[in-house]
file run13.cif (mmCIF, C-alpha atoms)
data_entry
loop_
_atom_site.label_atom_id
_atom_site.label_comp_id
_atom_site.auth_asym_id
_atom_site.auth_seq_id
_atom_site.Cartn_x
_atom_site.Cartn_y
_atom_site.Cartn_z
CA MET A 1 26.48 20.71 -15.18
CA SER A 2 26.55 18.17 -12.49
CA GLU A 3 25.29 14.75 -13.23
CA GLN A 4 23.84 14.19 -9.81
CA PHE A 5 20.28 13.60 -8.71
CA ASN A 6 18.36 12.89 -5.52
CA LEU A 7 17.59 9.50 -4.13
CA GLU A 8 15.30 8.50 -1.31
CA ILE A 9 14.69 4.99 -0.15
CA VAL A 10 11.80 4.53 2.25
CA SER A 11 10.61 1.47 4.07
CA PRO A 12 7.33 1.35 6.00
CA GLU A 13 9.14 1.82 9.27
CA LYS A 14 11.40 4.69 8.37
CA SER A 15 13.13 6.69 5.72
CA PHE A 16 15.98 4.31 5.02
CA LEU A 17 18.37 6.38 2.97
CA LYS A 18 18.49 9.87 1.58
CA LYS A 19 21.17 11.12 -0.78
CA ASP A 20 21.50 14.06 -3.10
CA ASN A 21 24.74 13.26 -4.87
CA VAL A 22 23.85 10.11 -6.73
CA THR A 23 25.09 9.70 -10.27
CA GLU A 24 23.63 6.36 -11.21
CA VAL A 25 21.26 3.84 -9.74
CA VAL A 26 20.71 0.33 -11.03
CA VAL A 27 17.46 -1.25 -9.90
CA PRO A 28 16.16 -4.77 -10.49
CA ALA A 29 12.99 -3.76 -12.30
CA PHE A 30 10.39 -6.36 -13.06
CA GLU A 31 11.33 -6.67 -16.70
CA GLY A 32 15.06 -6.60 -16.19
CA GLU A 33 17.74 -4.47 -14.63
CA MET A 34 17.33 -0.79 -15.22
CA GLY A 35 19.99 1.87 -14.87
CA ILE A 36 18.80 5.35 -14.10
CA LEU A 37 20.85 8.45 -14.82
CA LYS A 38 20.08 12.11 -14.45
CA ASP A 39 17.24 13.49 -16.59
CA HIS A 40 15.65 10.13 -17.08
CA ILE A 41 12.05 10.34 -18.23
CA SER A 42 9.43 10.12 -15.45
CA ILE A 43 8.85 6.48 -14.81
CA ILE A 44 7.06 4.18 -12.42
CA SER A 45 7.99 0.56 -12.21
CA PHE A 46 8.06 -2.18 -9.66
CA LEU A 47 10.95 -4.26 -8.45
CA LYS A 48 11.60 -7.91 -8.17
CA PRO A 49 13.92 -9.27 -5.47
CA GLY A 50 17.46 -8.26 -6.30
CA ILE A 51 20.27 -5.84 -5.80
CA VAL A 52 19.97 -2.08 -5.92
CA LYS A 53 23.28 -0.53 -6.84
CA ILE A 54 23.82 3.09 -5.96
CA ILE A 55 26.76 4.89 -7.52
CA SER A 56 27.66 8.34 -6.31
CA GLY A 57 30.85 9.49 -7.95
CA SER A 58 33.48 6.91 -7.16
CA GLU A 59 31.51 5.41 -4.29
CA GLU A 60 29.36 2.38 -4.82
CA GLU A 61 26.88 0.80 -2.47
CA SER A 62 24.70 -2.25 -2.88
CA PHE A 63 21.48 -3.12 -1.14
CA TYR A 64 19.25 -6.13 -1.26
CA VAL A 65 15.52 -5.47 -1.75
CA ASP A 66 12.65 -7.90 -1.47
CA ASP A 67 10.18 -5.99 -3.55
CA GLY A 68 9.27 -2.40 -4.12
CA ILE A 69 8.18 0.42 -6.32
CA VAL A 70 10.42 2.96 -8.01
CA GLU A 71 9.30 6.34 -9.09
CA PHE A 72 11.52 8.77 -10.94
CA LYS A 73 10.33 12.29 -11.42
CA ASP A 74 12.04 15.68 -11.76
CA ASN A 75 15.42 14.18 -11.04
CA SER A 76 14.44 12.59 -7.82
CA LEU A 77 14.20 8.88 -7.45
CA SER A 78 12.06 7.27 -4.77
CA ILE A 79 12.28 3.61 -3.96
CA LEU A 80 9.57 2.16 -1.73
CA THR A 81 10.34 -1.22 -0.35
CA SER A 82 9.18 -3.37 2.52
CA ASN A 83 12.50 -5.08 3.18
CA ILE A 84 15.93 -3.70 2.49
CA PHE A 85 19.42 -4.16 3.90
CA ASN A 86 22.96 -3.26 3.01
CA ILE A 87 24.83 -6.21 1.57
CA LYS A 88 27.96 -5.28 3.46
CA ASN A 89 26.27 -5.74 6.82
CA SER A 90 24.31 -8.81 5.95
CA ASP A 91 24.75 -11.81 8.12
CA LYS A 92 25.21 -15.22 6.55
CA ALA A 93 23.05 -17.18 8.95
CA LYS A 94 20.18 -14.78 8.44
CA LEU A 95 20.54 -15.01 4.68
CA GLN A 96 20.40 -18.77 4.79
CA GLU A 97 17.30 -18.59 6.90
CA MET A 98 15.71 -16.31 4.33
CA VAL A 99 16.63 -18.74 1.57
CA LYS A 100 14.94 -21.52 3.50
CA GLN A 101 11.85 -19.42 4.07
CA ALA A 102 11.64 -18.50 0.40
CA GLU A 103 12.07 -22.10 -0.66
CA ALA A 104 9.28 -23.11 1.67
CA ASP A 105 7.09 -20.44 0.10
CA LEU A 106 7.93 -21.80 -3.30
CA ALA A 107 6.65 -25.23 -2.33
CA ASP A 108 3.13 -23.87 -2.05
CA GLU A 109 1.17 -25.17 -4.99
CA ASN A 110 -1.45 -22.46 -5.06
CA LEU A 111 0.95 -19.82 -6.30
CA ASN A 112 0.24 -18.11 -9.55
CA ASP A 113 2.96 -17.87 -12.14
CA GLN A 114 3.92 -14.34 -11.37
CA LYS A 115 4.39 -14.97 -7.68
CA ARG A 116 6.28 -18.16 -8.41
CA PHE A 117 8.62 -16.23 -10.65
CA ILE A 118 9.20 -13.57 -8.03
CA ILE A 119 9.94 -16.05 -5.29
CA SER A 120 12.25 -18.15 -7.39
CA GLN A 121 14.09 -14.97 -8.25
CA LYS A 122 14.39 -14.27 -4.57
CA VAL A 123 15.83 -17.69 -3.87
CA GLU A 124 18.38 -17.22 -6.61
CA VAL A 125 19.56 -13.83 -5.45
CA LEU A 126 19.70 -14.79 -1.81
CA LYS A 127 21.62 -17.95 -2.58
CA SER A 128 24.23 -16.13 -4.57
CA LEU A 129 24.54 -13.63 -1.73
CA SER A 130 24.97 -16.23 0.94
CA LEU A 131 27.69 -17.96 -1.04
CA ASN A 132 29.92 -14.93 -1.36
CA MET B 1 -17.26 7.13 62.00
CA ALA B 2 -14.21 5.27 60.84
CA SER B 3 -11.62 4.68 63.50
CA LEU B 4 -8.20 6.23 63.31
CA ASP B 5 -6.59 2.98 62.32
CA ASP B 6 -8.99 2.48 59.44
CA LEU B 7 -8.29 5.95 58.13
CA LYS B 8 -4.56 5.36 58.32
CA LYS B 9 -4.90 2.19 56.31
CA ARG B 10 -6.97 3.89 53.66
CA ILE B 11 -4.52 6.70 53.30
CA SER B 12 -1.63 4.35 52.77
CA SER B 13 -3.59 2.26 50.26
CA VAL B 14 -4.53 5.33 48.22
CA LYS B 15 -0.93 6.44 48.33
CA SER B 16 0.32 3.17 46.90
CA THR B 17 -2.32 3.31 44.16
CA GLN B 18 -1.04 6.75 43.36
CA LYS B 19 2.48 5.38 43.05
CA ILE B 20 1.31 2.80 40.54
CA THR B 21 -0.63 5.24 38.41
CA LYS B 22 2.30 7.63 38.46
CA ALA B 23 4.65 4.90 37.29
CA MET B 24 2.22 3.90 34.55
CA LYS B 25 2.05 7.48 33.41
CA MET B 26 5.81 7.71 33.14
CA VAL B 27 6.00 4.47 31.19
CA ALA B 28 3.26 5.63 28.85
CA ALA B 29 5.03 8.92 28.33
CA SER B 30 8.25 7.31 27.24
CA LYS B 31 6.44 4.79 25.06
CA LEU B 32 4.44 7.60 23.55
CA ARG B 33 7.58 9.34 22.44
CA ARG B 34 8.77 6.24 20.68
CA ALA B 35 5.39 5.54 19.12
CA GLN B 36 5.13 9.10 17.89
CA GLU B 37 8.57 8.90 16.36
CA SER B 38 7.80 5.74 14.46
CA ALA B 39 4.47 7.16 13.33
CA GLU B 40 6.34 10.12 11.90
CA LYS B 41 8.95 7.94 10.28
CA GLY B 42 6.28 5.83 8.66
CA ARG B 43 4.56 8.78 7.09
CA PRO B 44 6.79 9.26 3.98
CA TYR B 45 6.17 5.70 2.86
CA SER B 46 2.41 5.88 2.96
CA ASP B 47 2.39 9.38 1.47
CA LYS B 48 4.57 8.32 -1.44
CA MET B 49 2.53 5.20 -1.96
CA ASN B 50 -0.60 7.29 -2.04
CA ASN B 51 0.89 9.65 -4.58
CA ILE B 52 2.00 6.91 -6.91
CA ILE B 53 -1.36 5.22 -6.79
CA LEU B 54 -3.05 8.51 -7.49
CA ASN B 55 -0.83 9.11 -10.50
CA LEU B 56 -1.43 5.62 -11.73
CA SER B 57 -5.16 5.62 -11.35
CA ASN B 58 -5.36 8.94 -13.12
CA SER B 59 -3.50 7.65 -16.11
CA ILE B 60 -5.54 4.52 -16.48
CA ALA B 61 -7.77 5.09 -19.43
CA ASP B 62 -9.77 1.92 -19.29
CA LYS B 63 -11.57 2.17 -15.96
CA GLU B 64 -13.74 -0.84 -16.65
CA ASN B 65 -10.89 -3.29 -16.65
CA SER B 66 -8.83 -1.83 -13.86
CA PRO B 67 -8.17 -4.02 -10.85
CA LYS B 68 -11.08 -4.87 -8.60
CA LEU B 69 -9.27 -3.62 -5.53
CA LEU B 70 -9.45 -0.12 -6.95
CA THR B 71 -12.95 -0.06 -8.29
CA GLY B 72 -14.62 -2.53 -5.97
CA SER B 73 -16.65 -5.54 -6.89
CA GLY B 74 -19.41 -3.36 -8.26
CA GLU B 75 -21.77 -4.35 -5.50
CA ASP B 76 -22.61 -2.98 -2.13
CA LYS B 77 -23.96 -5.90 -0.18
CA VAL B 78 -21.43 -7.20 2.28
CA HIS B 79 -19.48 -4.79 4.43
CA LEU B 80 -16.32 -5.81 6.18
CA CYS B 81 -15.22 -3.70 9.10
CA ILE B 82 -11.76 -3.89 10.60
CA VAL B 83 -11.92 -2.56 14.14
CA MET B 84 -8.48 -1.79 15.46
CA THR B 85 -8.09 -1.46 19.20
CA SER B 86 -5.40 -2.03 21.79
CA ASP B 87 -4.52 -5.23 23.59
CA ARG B 88 -4.38 -3.62 26.99
CA GLY B 89 -6.83 -1.68 29.05
CA LEU B 90 -6.39 1.23 31.43
CA CYS B 91 -6.11 3.77 28.68
CA GLY B 92 -9.10 5.99 29.27
CA GLY B 93 -11.64 6.29 26.51
CA PHE B 94 -9.32 5.01 23.82
CA ASN B 95 -11.02 1.70 23.03
CA THR B 96 -14.50 2.89 23.89
CA ASN B 97 -14.27 5.75 21.40
CA ILE B 98 -13.36 3.47 18.52
CA ILE B 99 -16.07 1.00 19.45
CA LYS B 100 -18.63 3.76 19.69
CA LYS B 101 -17.75 5.02 16.23
CA ALA B 102 -17.79 1.51 14.83
CA LYS B 103 -21.13 0.63 16.42
CA LEU B 104 -22.72 3.68 14.87
CA TYR B 105 -21.55 2.50 11.48
CA PHE B 106 -22.69 -1.07 12.15
CA GLN B 107 -26.18 0.13 12.93
CA LYS B 108 -26.36 2.05 9.70
CA ILE B 109 -25.35 -1.01 7.73
CA ILE B 110 -27.76 -3.31 9.49
CA GLU B 111 -30.61 -0.84 9.09
CA ALA B 112 -29.87 -0.64 5.40
CA GLY B 113 -30.34 -4.39 5.23
CA LYS B 114 -26.77 -5.19 4.33
CA ILE B 115 -24.59 -7.95 5.62
CA LEU B 116 -22.04 -7.04 8.24
CA LYS B 117 -18.77 -8.83 8.87
CA ILE B 118 -16.25 -7.79 11.48
CA ILE B 119 -12.59 -8.46 12.00
CA THR B 120 -11.18 -7.25 15.28
CA VAL B 121 -7.53 -6.38 15.65
CA GLY B 122 -6.56 -6.15 19.29
CA SER B 123 -8.22 -8.12 22.07
CA LYS B 124 -10.00 -5.24 23.79
CA GLY B 125 -12.16 -4.55 20.79
CA TYR B 126 -13.19 -8.17 20.64
CA ASP B 127 -14.11 -8.17 24.32
CA GLN B 128 -16.38 -5.19 23.85
CA LEU B 129 -17.99 -6.28 20.61
CA LYS B 130 -18.59 -9.93 21.31
CA ARG B 131 -21.64 -9.22 23.43
CA THR B 132 -23.69 -7.57 20.70
CA TYR B 133 -22.09 -8.69 17.47
CA LYS B 134 -20.89 -12.19 18.21
CA GLU B 135 -22.27 -13.68 15.00
CA ASN B 136 -20.77 -10.94 12.87
CA ILE B 137 -17.19 -11.37 14.01
CA ILE B 138 -15.47 -13.60 11.50
CA GLU B 139 -11.95 -13.27 12.77
CA LYS B 140 -10.04 -11.85 15.69
CA ILE B 141 -6.41 -10.93 15.44
CA SER B 142 -4.20 -9.91 18.29
CA PHE B 143 -0.54 -8.99 18.43
CA LYS B 144 -0.03 -9.31 22.13
CA GLU B 145 3.37 -10.91 21.75
CA THR B 146 4.98 -8.29 19.55
CA LYS B 147 6.29 -5.34 21.48
CA ASN B 148 6.52 -2.72 18.78
CA THR B 149 4.27 -2.24 15.84
CA ASN B 150 5.95 -3.67 12.79
CA TYR B 151 5.14 -3.92 9.14
CA PHE B 152 4.97 -7.70 9.05
CA ASP B 153 2.01 -7.76 11.41
CA ALA B 154 0.24 -5.23 9.24
CA ASP B 155 1.09 -7.27 6.18
CA LYS B 156 -0.47 -10.34 7.77
CA VAL B 157 -3.73 -8.49 8.33
CA GLY B 158 -3.54 -7.10 4.81
CA LYS B 159 -3.12 -10.54 3.32
CA ILE B 160 -6.10 -11.88 5.23
CA ILE B 161 -8.23 -9.05 3.88
CA ILE B 162 -7.07 -9.52 0.32
CA SER B 163 -7.61 -13.26 0.31
CA LYS B 164 -11.12 -12.71 1.63
CA PHE B 165 -11.74 -10.13 -1.07
CA GLU B 166 -10.53 -12.49 -3.78
CA LYS B 167 -12.90 -15.12 -2.49
CA LYS B 168 -15.63 -12.50 -2.85
CA GLU B 169 -16.51 -12.63 0.82
CA PHE B 170 -17.19 -8.91 0.99
CA ASP B 171 -17.67 -5.87 -1.23
CA ILE B 172 -16.63 -2.92 0.86
CA CYS B 173 -13.97 -2.75 3.52
CA THR B 174 -13.64 -0.05 6.16
CA ILE B 175 -11.09 0.28 8.93
CA PHE B 176 -11.62 1.94 12.28
CA TYR B 177 -8.78 3.39 14.29
CA ASN B 178 -7.82 6.36 16.40
CA GLN B 179 -5.90 9.12 14.79
CA PHE B 180 -3.32 10.71 17.02
CA LYS B 181 -3.65 14.44 17.20
CA ASN B 182 -2.05 15.21 20.52
CA VAL B 183 -1.84 13.71 23.98
CA ILE B 184 -5.31 14.87 24.96
CA THR B 185 -7.12 14.44 21.65
CA GLN B 186 -7.38 11.32 19.60
CA ILE B 187 -9.93 11.27 16.85
CA PRO B 188 -11.65 8.00 15.99
CA GLN B 189 -11.52 7.52 12.24
CA GLU B 190 -13.34 5.43 9.70
CA GLN B 191 -11.53 4.92 6.45
CA GLN B 192 -12.68 2.97 3.47
CA ILE B 193 -9.87 0.99 1.89
CA ILE B 194 -11.69 -1.21 -0.62
CA PRO B 195 -12.68 0.16 -3.07
CA LEU B 196 -10.01 2.75 -2.65
CA ILE B 197 -10.98 6.35 -2.28
CA ALA B 198 -7.94 8.25 -3.37
CA THR B 199 -7.41 11.39 -1.37
CA GLU B 200 -5.82 14.20 -3.26
CA SER B 201 -2.72 15.27 -1.39
CA GLU B 202 -1.14 18.67 -1.58
CA GLY B 203 1.51 19.58 -4.07
CA ASN B 204 0.69 16.71 -6.32
CA SER B 205 0.34 17.46 -9.96
CA SER B 206 -1.48 14.65 -11.62
CA GLU B 207 -0.71 16.00 -15.07
CA ASP B 208 2.64 14.28 -15.27
CA ASN B 209 3.29 11.96 -18.09
CA TYR B 210 4.84 8.85 -16.74
CA GLU B 211 6.37 5.99 -18.50
CA PHE B 212 5.28 2.68 -17.08
CA GLU B 213 7.06 -0.57 -17.07
CA PRO B 214 5.22 -2.98 -17.26
CA GLU B 215 1.71 -1.75 -18.10
CA GLU B 216 -0.23 0.53 -15.75
CA ASP B 217 -2.79 -2.00 -14.69
CA GLU B 218 -0.16 -4.59 -13.98
CA ILE B 219 1.71 -2.23 -11.72
CA LEU B 220 -1.52 -1.20 -10.12
CA SER B 221 -2.63 -4.72 -9.39
CA ASN B 222 0.73 -5.30 -7.78
CA LEU B 223 0.67 -2.09 -5.85
CA LEU B 224 -2.85 -2.13 -4.46
CA PRO B 225 -2.42 -5.10 -2.13
CA LYS B 226 0.68 -3.41 -0.79
CA ASN B 227 -1.24 -0.24 -0.29
CA ILE B 228 -3.77 -2.05 1.86
CA SER B 229 -1.03 -3.34 4.13
CA THR B 230 0.45 0.13 4.20
CA GLN B 231 -2.83 1.70 5.19
CA ILE B 232 -3.27 -0.84 7.94
CA PHE B 233 0.27 -0.27 9.10
CA LYS B 234 -0.37 3.44 9.21
CA ALA B 235 -3.52 2.86 11.23
CA MET B 236 -1.59 0.62 13.60
CA LEU B 237 1.07 3.26 14.13
CA GLU B 238 -1.50 5.98 14.73
CA ASN B 239 -3.31 3.65 17.07
CA SER B 240 -0.28 2.82 19.15
CA ALA B 241 0.61 6.48 19.53
CA SER B 242 -2.99 7.26 20.47
CA GLU B 243 -3.10 4.41 22.95
CA GLN B 244 -0.06 5.65 24.81
CA GLY B 245 -1.26 9.23 24.70
CA SER B 246 -4.65 8.26 26.00
CA ARG B 247 -3.15 6.12 28.72
CA MET B 248 -0.83 8.90 29.72
CA SER B 249 -3.61 11.42 30.22
CA ALA B 250 -5.83 8.83 31.94
CA MET B 251 -3.05 7.96 34.37
CA ASP B 252 -2.30 11.63 34.93
CA ASN B 253 -5.91 12.15 35.93
CA ALA B 254 -5.83 9.12 38.19
CA THR B 255 -2.70 10.36 39.91
CA ARG B 256 -4.25 13.74 40.50
CA ASN B 257 -7.45 12.22 41.85
CA ALA B 258 -5.49 10.02 44.20
CA GLY B 259 -3.62 13.08 45.46
CA GLU B 260 -6.88 14.88 46.17
CA MET B 261 -8.20 11.86 47.98
CA VAL B 262 -5.10 11.61 50.14
CA ASP B 263 -5.47 15.26 51.10
CA LYS B 264 -9.10 14.81 52.04
CA LEU B 265 -8.43 11.70 54.05
CA THR B 266 -5.51 13.32 55.85
CA ILE B 267 -7.69 16.23 56.97
CA GLN B 268 -10.30 13.79 58.15
CA TYR B 269 -7.67 11.81 60.00
CA ASN B 270 -6.23 14.87 61.71
CA ARG B 271 -9.66 16.12 62.73
CA SER B 272 -10.74 12.87 64.26
CA ARG B 273 -7.41 12.52 66.02
CA GLN B 274 -7.88 15.95 67.54
CA ALA B 275 -11.45 15.17 68.47
CA ALA B 276 -10.27 12.07 70.26
CA ILE B 277 -7.64 14.06 72.20
CA THR B 278 -10.15 16.74 73.17
CA LYS B 279 -12.57 14.08 74.31
CA GLU B 280 -9.95 12.48 76.50
CA LEU B 281 -9.02 15.85 78.02
CA ILE B 282 -12.63 16.65 78.82
CA GLU B 283 -12.99 13.30 80.47
CA ILE B 284 -9.91 13.86 82.64
CA ILE B 285 -10.90 17.41 83.61
CA SER B 286 -14.48 16.57 84.46
CA GLY B 287 -13.25 13.57 86.40
CA ALA B 288 -10.93 15.81 88.44
CA GLU B 289 -13.67 18.38 89.01
CA SER B 290 -16.08 15.88 90.43
CA LEU B 291 -13.66 14.89 93.16
#
call {"tool": "encode", "arguments": {"input": "run13.cif", "output": "structure tokens"}}
result
Amino acid sequence: MSEQFNLEIVSPEKSFLKKDNVTEVVVPAFEGEMGILKDHISIISFLKPGIVKIISGSEEESFYVDDGIVEFKDNSLSILTSNIFNIKNSDKAKLQEMVKQAEADLADENLNDQKRFIISQKVEVLKSLSLN
Amino acid sequence: MASLDDLKKRISSVKSTQKITKAMKMVAASKLRRAQESAEKGRPYSDKMNNIILNLSNSIADKENSPKLLTGSGEDKVHLCIVMTSDRGLCGGFNTNIIKKAKLYFQKIIEAGKILKIITVGSKGYDQLKRTYKENIIEKISFKETKNTNYFDADKVGKIIISKFEKKEFDICTIFYNQFKNVITQIPQEQQIIPLIATESEGNSSEDNYEFEPEEDEILSNLLPKNISTQIFKAMLENSASEQGSRMSAMDNATRNAGEMVDKLTIQYNRSRQAAITKELIEIISGAESL
């Protein structure tokens, strides 16, 4: 038995990534990182800003996501996100700009706790990315 | 009768108009292809989103306490209409069709004694509506600067709508846009987005037992605002494809009309030229005869 399942990542503009030989995906779910293997129970969850790690055999790819929804059902995983990019191709200057933007958002006093948490998470992840 | 010179001038002016409309048609055709592509690419996202929301709302047991964006505010007093049009003209009946559809709806609301609020997206819609519904328009949004439809613009509109809903400024929200069917047909649509009317899509079994993390209603309250932006984005994509399609067929018609006009004018020109020659000949001959 193969241990592989399907993965599709879609953004509003296009279908970002489609793979059928994925063995493990780690997503930054709202209540903590979540690893998904084949035959996981059907689940819906939403993502906080973080890194999606896709492992297919010996290959490993990482993507940054801003937010999103994951749905796993019948061995196919869909990730819906509004902003995603491959960490390998990310550009430092752009990352720093995003950090600045997120920090500016954080300064808004009318945020509720949940949003504040999400944005501070975003700042953290982006900062660690831009340092590497 | 117009002199030969006048006719010549008219012919050349119609010809240059024809060149312009032809060029516009070509531009619209290539833009249409791109718009259609992005509309197709955007479809999986909104379909998936729709499916997830459907699954979620089915599994919510406690309908009373589910998020307001799903169930509505429980009242039916203030209607907000988002009228989405283009920023440019010269695209046939594209804008007029949306406006017509929207006006019909406006009348119904006003006759029922409800309060009407309008947000226009795209400057052409504002131009057409400001005459009759100036007091009802609470906001006008235009994306003249952005070349291609992108999600961030849609998200901006979505956020405006949600913040207005949270401030209880309206109860029901409907969007108006043109759905792209093919180059000749675009169907004006009205779609209610708050409260959400979930449309059952094919091949979707709602019997699945999902595990949710965190709770259903928390996911739902996070998802619904996104869904509104997604719906608006979808409408924007459909709209931009429709706009180009409509412009293309309008410009095709204009080019053909100009061609017909050139033909007619050329015949007229040739006839009057011949008449002038014949007249001159007669004059010469009768002059010679009289000698």
call {"tool": "residues_around", "arguments": {"input": "run13.cif", "residues": "range 38-40 of chain A", "least_positions_apart": "4", "cutoff": "8 Å", "atoms": "only C-alpha atoms", "output": "MDAnalysis selection string"}}
result
chainID A and resid 3:5 23:24 72 74:75
call {"tool": "interface_residues", "arguments": {"input": "run13.cif", "of": "chain A", "to": "chain B", "cutoff": "9 Å", "atoms": "only C-alpha atoms", "output": "list of chain:residue names"}}
result
A:Val10, A:Ser11, A:Pro12, A:Glu13, A:Lys14, A:Ser15, A:Ala29, A:Phe30, A:Glu31, A:Ile41, A:Ser42, A:Ile43, A:Ile44, A:Ser45, A:Phe46, A:Gly68, A:Ile69, A:Glu71, A:Phe72, A:Lys73, A:Ser78, A:Leu80, A:Thr81, A:Ser82
call {"tool": "atom_distance", "arguments": {"input": "run13.cif", "atom1": "CA of Gln101 in chain A", "atom2": "CA of Val70 in chain A"}}
result
25.5 Å
call {"tool": "resolve_selection", "arguments": {"input": "run13.cif", "expression": "the PyMOL selection byres ((chain B and resi 31) around 12)", "output": "list in words"}}
result
Met24, Lys25, Met26, Val27, Ala28, Ala29, Ser30, Leu32, Arg33, Arg34, Ala35, Gln36, Glu37, Ser38, Lys147, Asn148, Thr149, Ser240, Ala241, Ser242, Glu243, Gln244, Gly245, Ser246, Arg247 and Met248 of chain B
call {"tool": "write_last_selection", "arguments": {"input": "run13.cif", "atoms": "C-alpha atoms", "output": "short mmCIF file (atom, residue, chain, number, x, y, z; two decimals), in the frame of the given file"}}
result
data_model
loop_
_atom_site.label_atom_id
_atom_site.label_comp_id
_atom_site.auth_asym_id
_atom_site.auth_seq_id
_atom_site.Cartn_x
_atom_site.Cartn_y
_atom_site.Cartn_z
CA MET B 24 2.22 3.90 34.55
CA LYS B 25 2.05 7.48 33.41
CA MET B 26 5.81 7.71 33.14
CA VAL B 27 6.00 4.47 31.19
CA ALA B 28 3.26 5.63 28.85
CA ALA B 29 5.03 8.92 28.33
CA SER B 30 8.25 7.31 27.24
CA LEU B 32 4.44 7.60 23.55
CA ARG B 33 7.58 9.34 22.44
CA ARG B 34 8.77 6.24 20.68
CA ALA B 35 5.39 5.54 19.12
CA GLN B 36 5.13 9.10 17.89
CA GLU B 37 8.57 8.90 16.36
CA SER B 38 7.80 5.74 14.46
CA LYS B 147 6.29 -5.34 21.48
CA ASN B 148 6.52 -2.72 18.78
CA THR B 149 4.27 -2.24 15.84
CA SER B 240 -0.28 2.82 19.15
CA ALA B 241 0.61 6.48 19.53
CA SER B 242 -2.99 7.26 20.47
CA GLU B 243 -3.10 4.41 22.95
CA GLN B 244 -0.06 5.65 24.81
CA GLY B 245 -1.26 9.23 24.70
CA SER B 246 -4.65 8.26 26.00
CA ARG B 247 -3.15 6.12 28.72
CA MET B 248 -0.83 8.90 29.72
#
call {"tool": "resolve_selection", "arguments": {"input": "run13.cif", "expression": "the PyMOL selection byres ((chain A and resi 95) around 12)", "output": "PyMOL selection string"}}
result
chain A and resi 64+85+87+89-94+96-102+122-132
call {"tool": "atom_distance", "arguments": {"input": "run13.cif", "atom1": "CA of Ser62 in chain A", "atom2": "CA of Leu17 in chain A"}}
result
12.2 Å
call {"tool": "residues_around", "arguments": {"input": "run13.cif", "residues": "range 254-260 of chain B", "least_positions_apart": "5", "cutoff": "12 Å", "atoms": "all atoms listed in the file", "output": "VMD selection string"}}
result
chain B and resid 10 to 26 90 to 92 247 to 249 265 to 267
call {"tool": "closest_residue", "arguments": {"input": "run13.cif", "among": "B:Phe170, B:Tyr177, B:Phe94, B:Phe165", "to": "Pro225 in chain B", "atoms": "only C-alpha atoms"}}
result
B:Phe165
